[in-house]
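Encoded as structure tokens, the structure appears first; notes follow it.
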Amino acid sequence: MTTDIRHIVFDIGRVLIHYDPNIPFSRLIPDEAERKWFFENICTHDWNIEQDRGRSWEEAEKLLIALHPDRESHIRAFRKHWREMVPYAYPDSVKAMERLIDEGRDVTMLTNFASDTFVEANEIFPFLKKPRGVTVSGEVKLIKPDVRIYDLHAQTFGLEPSKTLFIDDSAANVEGARKAGWQAVLFTGPEKLASDLSAYGLGA
């Protein structure tokens with residue numbers, strides 16, 4: 001572990017802001033078993049991640065509706081009710097990020113996010129505009145944990161990989177960052193984040 005960290009890179013979903021598709025769908029599909037089946041078989045993680053890779057929602061919806069025409073309203077509801085899926089920010093995480101920025105440290109963000117919903121996220125959560133910049137997967141057509149997106153981010157923002165600390169809630173994404181030569185920690189909550197930052201010489 002190096003404590004000579006010059007760049008801190010935050011993931012966004014489930015690190016800075018909460019994300020949960022069950023929030024609107026618990027109302028739209030009240031039966032828990034049916035809702036679980038819907039997410040495992042129709043609006044799946046693999047389907048949704050392609051929007052993070054840059055596929056349009058129009059194309060994504062068309063694909064699923066052709067396969068499940070009886071589920072059209074629920075398929076379209078995924079994008080329609082997206083704002084409900086991001087109901088609040090994690091105050092301790094945001095505070096930690098803002099403290100690092102206020103201290104003059106170099107903070108950027110790297111996120112798997114559809115380009116259009118990221119625009120909305122910026123409207124809902126103005127603090128997302130505070131870091132020096134962001135790489136959005138839907139805009140660059142690459143997604144974590146593909147090493148190429150970490151390399152692109154480092155190149156775009158002039159980061160020295162070995163002196164970059166990445167914070168993400170996905171173990172696969174953390175491992176992707178390490179393969180790119182970055183330092184990286186798994187986010188599980190505010191206490192571990194505070195501990196990890198301190199361990200890298202970035203404590204309050």
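Just so we're on the same page: first chain in the structure tokens is A, next is B, and so on; residues restart at 1 for each chain, and ligands are numbered from 1 in the order they show up.
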Sorted by chain and rising residue number, which residues of region 127-159 of chain A lie within 12 Å of region 3-19 of chain A, and what are their closest atom pairs and distances in Å to one decimal, counting only C-alpha atoms, as CSV?
```
residue,atom,partner,partner_atom,distance
A:Phe127,CA,A:Leu16,CA,9.6
A:Leu128,CA,A:Ile12,CA,8.5
A:Lys129,CA,A:Ile12,CA,11.9
A:Lys130,CA,A:Phe10,CA,11.9
A:Pro131,CA,A:Val9,CA,9.2
A:Arg132,CA,A:Val9,CA,10.1
A:Gly133,CA,A:Val9,CA,9.7
A:Val134,CA,A:Val9,CA,8.9
A:Thr135,CA,A:Asp11,CA,9.8
A:Val136,CA,A:Asp11,CA,10.1
A:Ser137,CA,A:Asp11,CA,11.3
A:Lys144,CA,A:Asp11,CA,10.2
A:Pro145,CA,A:Asp11,CA,11.9
A:Tyr150,CA,A:Val9,CA,10.2
A:His153,CA,A:Val9,CA,9.5
A:Ala154,CA,A:His7,CA,9.7
A:Phe157,CA,A:His7,CA,9.7
A:Gly158,CA,A:His7,CA,9.6
A:Leu159,CA,A:His7,CA,6.7
```
May I have the selected residues written with C-alpha atoms, as a JSON list (two decimals), in the first residue's frame?
```json
[["chain", "number", "residue", "atom", "x", "y", "z"],
["A", 127, "PHE", "CA", -22.51, 17.87, -5.72],
["A", 128, "LEU", "CA", -21.71, 15.61, -8.69],
["A", 129, "LYS", "CA", -20.42, 18.74, -10.44],
["A", 130, "LYS", "CA", -17.82, 19.44, -7.73],
["A", 131, "PRO", "CA", -15.05, 16.98, -8.72],
["A", 132, "ARG", "CA", -12.61, 17.95, -11.47],
["A", 133, "GLY", "CA", -14.37, 15.71, -13.96],
["A", 134, "VAL", "CA", -16.04, 12.40, -14.69],
["A", 135, "THR", "CA", -15.86, 9.51, -17.11],
["A", 136, "VAL", "CA", -19.37, 8.20, -17.87],
["A", 137, "SER", "CA", -19.46, 4.74, -19.41],
["A", 144, "LYS", "CA", -16.12, -1.24, -15.70],
["A", 145, "PRO", "CA", -14.44, -3.62, -15.04],
["A", 150, "TYR", "CA", -9.63, 2.89, -16.28],
["A", 153, "HIS", "CA", -9.89, 7.84, -17.39],
["A", 154, "ALA", "CA", -6.23, 8.04, -16.35],
["A", 157, "PHE", "CA", -7.37, 13.38, -16.53],
["A", 158, "GLY", "CA", -3.61, 12.91, -16.39],
["A", 159, "LEU", "CA", -3.62, 10.45, -13.50]]
```
- Message: Which residues are close to region 49-61 of chain A, i.e. within 6 Å by only C-alpha atoms, leaving aside same-chain residues fewer than 3 positions away? Reply as a ChimeraX atom specification.
- Response: /A:46,64-65,112-114,137-138,141-143
- Message: Please extract the residues of region 17-185 of chain A with a backbone DSSP assignment of strand (DSSP E or B) and present them as a list in words.
- Response: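 Taking region 17-185 of chain A and keeping strand (DSSP E or B) gives Ile17, Ala89, Asp106, Val107, Thr108, Met109, Leu110, Thr111, Val134, Thr135, Val136, Thr164, Leu165, Phe166, Ile167, Asp168, Gln183, Ala184 and Val185 of chain A.
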- Message: One number please: CA of Gln183 (chain A) to CA of Leu165 (chain A), in Å, one decimal.
- Response: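 Pair CA of Gln183 (chain A) / CA of Leu165 (chain A) returns 4.7 Å.
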Contact table region 67-119 of chain A vs region 21-26 of chain A, cut-off 10 Å, shortest pair per residue, only C-alpha atoms, as a tab-separated table:
```
residue	atom	partner	partner_atom	distance
A:His74	CA	A:Phe25	CA	8.4
A:Ala77	CA	A:Phe25	CA	8.4
A:Phe78	CA	A:Pro21	CA	7.7
A:Lys80	CA	A:Pro24	CA	9.9
A:His81	CA	A:Pro24	CA	6.5
A:Trp82	CA	A:Pro21	CA	7.7
A:Arg83	CA	A:Pro24	CA	9.1
A:Glu84	CA	A:Pro24	CA	6.0
A:Met85	CA	A:Pro21	CA	5.1
A:Val86	CA	A:Pro21	CA	8.4
A:Pro87	CA	A:Ile23	CA	8.7
```
Hey, can you spit out that residue selection with N, CA and C atoms as an mmCIF file, in the first residue's frame?
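Done, and the output landed in out.cif:
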```cif
data_model
loop_
_atom_site.group_PDB
_atom_site.id
_atom_site.type_symbol
_atom_site.label_atom_id
_atom_site.label_comp_id
_atom_site.auth_asym_id
_atom_site.auth_seq_id
_atom_site.Cartn_x
_atom_site.Cartn_y
_atom_site.Cartn_z
ATOM 1 N N HIS A 74 -44.387 -2.564 -18.079
ATOM 2 C CA HIS A 74 -43.352 -2.728 -17.056
ATOM 3 C C HIS A 74 -41.964 -2.470 -17.624
ATOM 4 N N ALA A 77 -41.516 1.133 -17.941
ATOM 5 C CA ALA A 77 -41.498 1.761 -16.610
ATOM 6 C C ALA A 77 -40.088 1.856 -16.045
ATOM 7 N N PHE A 78 -39.183 0.996 -16.508
ATOM 8 C CA PHE A 78 -37.821 1.008 -15.957
ATOM 9 C C PHE A 78 -37.157 2.363 -16.182
ATOM 10 N N LYS A 80 -38.898 5.112 -17.350
ATOM 11 C CA LYS A 80 -39.867 6.148 -16.987
ATOM 12 C C LYS A 80 -39.762 6.540 -15.519
ATOM 13 N N HIS A 81 -39.531 5.563 -14.664
ATOM 14 C CA HIS A 81 -39.510 5.817 -13.218
ATOM 15 C C HIS A 81 -38.095 5.799 -12.646
ATOM 16 N N TRP A 82 -37.106 6.063 -13.515
ATOM 17 C CA TRP A 82 -35.714 5.971 -13.069
ATOM 18 C C TRP A 82 -35.419 6.886 -11.880
ATOM 19 N N ARG A 83 -35.969 8.075 -11.870
ATOM 20 C CA ARG A 83 -35.662 9.013 -10.776
ATOM 21 C C ARG A 83 -36.026 8.449 -9.411
ATOM 22 N N GLU A 84 -37.059 7.638 -9.358
ATOM 23 C CA GLU A 84 -37.443 7.028 -8.081
ATOM 24 C C GLU A 84 -36.373 6.056 -7.592
ATOM 25 N N MET A 85 -35.567 5.538 -8.513
ATOM 26 C CA MET A 85 -34.553 4.556 -8.153
ATOM 27 C C MET A 85 -33.349 5.186 -7.466
ATOM 28 N N VAL A 86 -33.223 6.510 -7.560
ATOM 29 C CA VAL A 86 -32.093 7.224 -6.928
ATOM 30 C C VAL A 86 -32.652 8.260 -5.943
ATOM 31 N N PRO A 87 -33.220 7.799 -4.828
ATOM 32 C CA PRO A 87 -33.984 8.686 -3.951
ATOM 33 C C PRO A 87 -33.168 9.610 -3.062
#
```
- Among listed residues A:Ser198, A:Asn48, A:Ser73, A:Asn41, nearest Leu28 (chain A) (using only C-alpha atoms):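 Nearest to Leu28 (chain A): A:Ser73.
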Apply DSSP to the structure's backbone, then extract all residues of region 3-107 of chain A labelled helix (DSSP H, G or I) and return them as a tab-separated table (two decimals) with N, CA and C atoms, in the first residue's frame.
```
chain	number	residue	atom	x	y	z
A	22	ASN	N	-35.96	-1.62	-7.14
A	22	ASN	CA	-37.13	-2.15	-6.43
A	22	ASN	C	-38.05	-1.06	-5.92
A	23	ILE	N	-37.54	0.15	-5.78
A	23	ILE	CA	-38.36	1.22	-5.18
A	23	ILE	C	-39.61	1.48	-6.01
A	24	PRO	N	-39.51	1.81	-7.31
A	24	PRO	CA	-40.75	1.97	-8.07
A	24	PRO	C	-41.45	0.65	-8.36
A	25	PHE	N	-40.67	-0.42	-8.56
A	25	PHE	CA	-41.29	-1.68	-8.97
A	25	PHE	C	-41.99	-2.40	-7.82
A	26	SER	N	-41.70	-2.04	-6.59
A	26	SER	CA	-42.47	-2.62	-5.49
A	26	SER	C	-43.91	-2.14	-5.54
A	27	ARG	N	-44.11	-1.00	-6.17
A	27	ARG	CA	-45.46	-0.48	-6.39
A	27	ARG	C	-46.06	-1.04	-7.68
A	28	LEU	N	-45.24	-1.15	-8.72
A	28	LEU	CA	-45.73	-1.59	-10.02
A	28	LEU	C	-45.96	-3.10	-10.08
A	32	GLU	N	-43.67	-9.96	-4.49
A	32	GLU	CA	-42.21	-10.02	-4.42
A	32	GLU	C	-41.62	-11.09	-5.33
A	33	ALA	N	-42.25	-12.25	-5.38
A	33	ALA	CA	-41.74	-13.35	-6.22
A	33	ALA	C	-41.83	-12.97	-7.70
A	34	GLU	N	-42.94	-12.37	-8.08
A	34	GLU	CA	-43.09	-11.96	-9.48
A	34	GLU	C	-42.08	-10.87	-9.85
A	35	ARG	N	-41.88	-9.93	-8.93
A	35	ARG	CA	-40.93	-8.85	-9.17
A	35	ARG	C	-39.51	-9.41	-9.31
A	36	LYS	N	-39.15	-10.36	-8.47
A	36	LYS	CA	-37.84	-11.01	-8.55
A	36	LYS	C	-37.68	-11.71	-9.90
A	37	TRP	N	-38.73	-12.39	-10.34
A	37	TRP	CA	-38.69	-13.07	-11.64
A	37	TRP	C	-38.51	-12.06	-12.77
A	38	PHE	N	-39.19	-10.93	-12.67
A	38	PHE	CA	-39.11	-9.89	-13.71
A	38	PHE	C	-37.68	-9.38	-13.85
A	39	PHE	N	-37.02	-9.13	-12.74
A	39	PHE	CA	-35.65	-8.63	-12.78
A	39	PHE	C	-34.64	-9.70	-13.19
A	40	GLU	N	-34.97	-10.96	-12.95
A	40	GLU	CA	-34.05	-12.04	-13.31
A	40	GLU	C	-34.23	-12.50	-14.75
A	41	ASN	N	-35.39	-12.18	-15.35
A	41	ASN	CA	-35.69	-12.71	-16.67
A	41	ASN	C	-36.02	-11.68	-17.74
A	45	HIS	N	-29.97	-7.38	-15.01
A	45	HIS	CA	-28.76	-6.58	-14.85
A	45	HIS	C	-28.00	-6.50	-16.17
A	46	ASP	N	-27.90	-7.64	-16.86
A	46	ASP	CA	-27.16	-7.66	-18.13
A	46	ASP	C	-27.83	-6.78	-19.18
A	47	TRP	N	-29.15	-6.73	-19.17
A	47	TRP	CA	-29.87	-5.86	-20.10
A	47	TRP	C	-29.62	-4.39	-19.76
A	48	ASN	N	-29.68	-4.07	-18.49
A	48	ASN	CA	-29.51	-2.68	-18.07
A	48	ASN	C	-28.09	-2.18	-18.29
A	49	ILE	N	-27.10	-3.05	-18.11
A	49	ILE	CA	-25.71	-2.62	-18.24
A	49	ILE	C	-25.39	-2.19	-19.67
A	50	GLU	N	-26.17	-2.69	-20.64
A	50	GLU	CA	-25.92	-2.28	-22.02
A	50	GLU	C	-26.29	-0.81	-22.25
A	51	GLN	N	-27.23	-0.30	-21.46
A	51	GLN	CA	-27.50	1.15	-21.53
A	51	GLN	C	-26.31	1.92	-20.94
A	52	ASP	N	-25.68	1.33	-19.92
A	52	ASP	CA	-24.46	1.94	-19.37
A	52	ASP	C	-23.32	1.92	-20.39
A	57	TRP	N	-32.13	3.77	-24.80
A	57	TRP	CA	-33.28	3.18	-24.13
A	57	TRP	C	-34.31	2.72	-25.14
A	58	GLU	N	-34.46	3.48	-26.23
A	58	GLU	CA	-35.42	3.11	-27.27
A	58	GLU	C	-35.10	1.73	-27.83
A	59	GLU	N	-33.83	1.50	-28.14
A	59	GLU	CA	-33.41	0.20	-28.66
A	59	GLU	C	-33.58	-0.89	-27.61
A	60	ALA	N	-33.22	-0.57	-26.36
A	60	ALA	CA	-33.32	-1.55	-25.27
A	60	ALA	C	-34.76	-1.98	-25.04
A	61	GLU	N	-35.66	-1.00	-25.03
A	61	GLU	CA	-37.08	-1.31	-24.82
A	61	GLU	C	-37.65	-2.11	-25.98
A	62	LYS	N	-37.29	-1.72	-27.19
A	62	LYS	CA	-37.79	-2.41	-28.39
A	62	LYS	C	-37.40	-3.87	-28.37
A	63	LEU	N	-36.17	-4.14	-27.98
A	63	LEU	CA	-35.67	-5.50	-27.91
A	63	LEU	C	-36.50	-6.36	-26.96
A	64	LEU	N	-36.75	-5.85	-25.76
A	64	LEU	CA	-37.49	-6.62	-24.77
A	64	LEU	C	-38.97	-6.73	-25.09
A	65	ILE	N	-39.55	-5.67	-25.61
A	65	ILE	CA	-40.98	-5.69	-25.93
A	65	ILE	C	-41.27	-6.71	-27.03
A	66	ALA	N	-40.34	-6.87	-27.97
A	66	ALA	CA	-40.50	-7.87	-29.02
A	66	ALA	C	-40.54	-9.28	-28.43
A	67	LEU	N	-39.79	-9.48	-27.37
A	67	LEU	CA	-39.74	-10.80	-26.71
A	67	LEU	C	-40.87	-10.99	-25.70
A	69	PRO	N	-44.16	-8.96	-25.27
A	69	PRO	CA	-45.12	-7.89	-25.56
A	69	PRO	C	-46.14	-7.66	-24.45
A	70	ASP	N	-46.44	-8.69	-23.68
A	70	ASP	CA	-47.41	-8.56	-22.59
A	70	ASP	C	-46.83	-7.76	-21.41
A	71	ARG	N	-45.52	-7.51	-21.44
A	71	ARG	CA	-44.86	-6.79	-20.35
A	71	ARG	C	-44.43	-5.38	-20.76
A	72	GLU	N	-44.99	-4.88	-21.83
A	72	GLU	CA	-44.54	-3.59	-22.36
A	72	GLU	C	-44.57	-2.48	-21.32
A	73	SER	N	-45.65	-2.38	-20.58
A	73	SER	CA	-45.76	-1.27	-19.62
A	73	SER	C	-44.68	-1.35	-18.55
A	74	HIS	N	-44.39	-2.56	-18.08
A	74	HIS	CA	-43.35	-2.73	-17.06
A	74	HIS	C	-41.96	-2.47	-17.62
A	75	ILE	N	-41.73	-2.88	-18.86
A	75	ILE	CA	-40.44	-2.64	-19.50
A	75	ILE	C	-40.20	-1.14	-19.65
A	76	ARG	N	-41.21	-0.43	-20.14
A	76	ARG	CA	-41.06	1.03	-20.32
A	76	ARG	C	-40.97	1.75	-18.97
A	77	ALA	N	-41.52	1.13	-17.94
A	77	ALA	CA	-41.50	1.76	-16.61
A	77	ALA	C	-40.09	1.86	-16.04
A	78	PHE	N	-39.18	1.00	-16.51
A	78	PHE	CA	-37.82	1.01	-15.96
A	78	PHE	C	-37.16	2.36	-16.18
A	79	ARG	N	-37.27	2.87	-17.41
A	79	ARG	CA	-36.69	4.19	-17.68
A	79	ARG	C	-37.61	5.31	-17.18
A	80	LYS	N	-38.90	5.11	-17.35
A	80	LYS	CA	-39.87	6.15	-16.99
A	80	LYS	C	-39.76	6.54	-15.52
A	82	TRP	N	-37.11	6.06	-13.51
A	82	TRP	CA	-35.71	5.97	-13.07
A	82	TRP	C	-35.42	6.89	-11.88
A	83	ARG	N	-35.97	8.07	-11.87
A	83	ARG	CA	-35.66	9.01	-10.78
A	83	ARG	C	-36.03	8.45	-9.41
A	84	GLU	N	-37.06	7.64	-9.36
A	84	GLU	CA	-37.44	7.03	-8.08
A	84	GLU	C	-36.37	6.06	-7.59
A	85	MET	N	-35.57	5.54	-8.51
A	85	MET	CA	-34.55	4.56	-8.15
A	85	MET	C	-33.35	5.19	-7.47
A	91	PRO	N	-24.89	10.84	2.74
A	91	PRO	CA	-24.28	12.08	3.25
A	91	PRO	C	-22.84	11.93	3.71
A	92	ASP	N	-22.50	10.82	4.34
A	92	ASP	CA	-21.13	10.64	4.82
A	92	ASP	C	-20.14	10.52	3.66
A	93	SER	N	-20.56	9.83	2.60
A	93	SER	CA	-19.69	9.68	1.43
A	93	SER	C	-19.50	11.03	0.74
A	94	VAL	N	-20.59	11.75	0.59
A	94	VAL	CA	-20.53	13.06	-0.06
A	94	VAL	C	-19.65	14.00	0.76
A	95	LYS	N	-19.82	13.96	2.07
A	95	LYS	CA	-19.02	14.80	2.96
A	95	LYS	C	-17.53	14.47	2.82
A	96	ALA	N	-17.21	13.18	2.74
A	96	ALA	CA	-15.81	12.77	2.59
A	96	ALA	C	-15.25	13.27	1.27
A	97	MET	N	-16.02	13.14	0.20
A	97	MET	CA	-15.56	13.62	-1.11
A	97	MET	C	-15.36	15.13	-1.10
A	98	GLU	N	-16.32	15.85	-0.55
A	98	GLU	CA	-16.22	17.31	-0.52
A	98	GLU	C	-15.05	17.77	0.35
A	99	ARG	N	-14.77	17.03	1.43
A	99	ARG	CA	-13.61	17.38	2.28
A	99	ARG	C	-12.32	17.24	1.49
A	100	LEU	N	-12.19	16.17	0.73
A	100	LEU	CA	-10.99	15.96	-0.07
A	100	LEU	C	-10.82	17.08	-1.09
A	101	ILE	N	-11.93	17.47	-1.71
A	101	ILE	CA	-11.88	18.58	-2.69
A	101	ILE	C	-11.48	19.88	-2.00
A	102	ASP	N	-12.09	20.14	-0.84
A	102	ASP	CA	-11.79	21.37	-0.09
A	102	ASP	C	-10.34	21.42	0.36
```
- Query: If you count only C-alpha atoms, which residues fall within 10 Å of Asp151 (chain A), apart from same-chain ones fewer than 5 positions away, as a VMD selection string?
  - Reply: chain A and resid 146 156 159 161 177 180 to 182
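Counting from CA of Ser162 (chain A), the distance to CA of Ala194 (chain A) is 20.6 Å.
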- Could you tell me how far CA of Gln155 (chain A) lies from CA of Lys192 (chain A), in Å and to one decimal? 28.7 Å
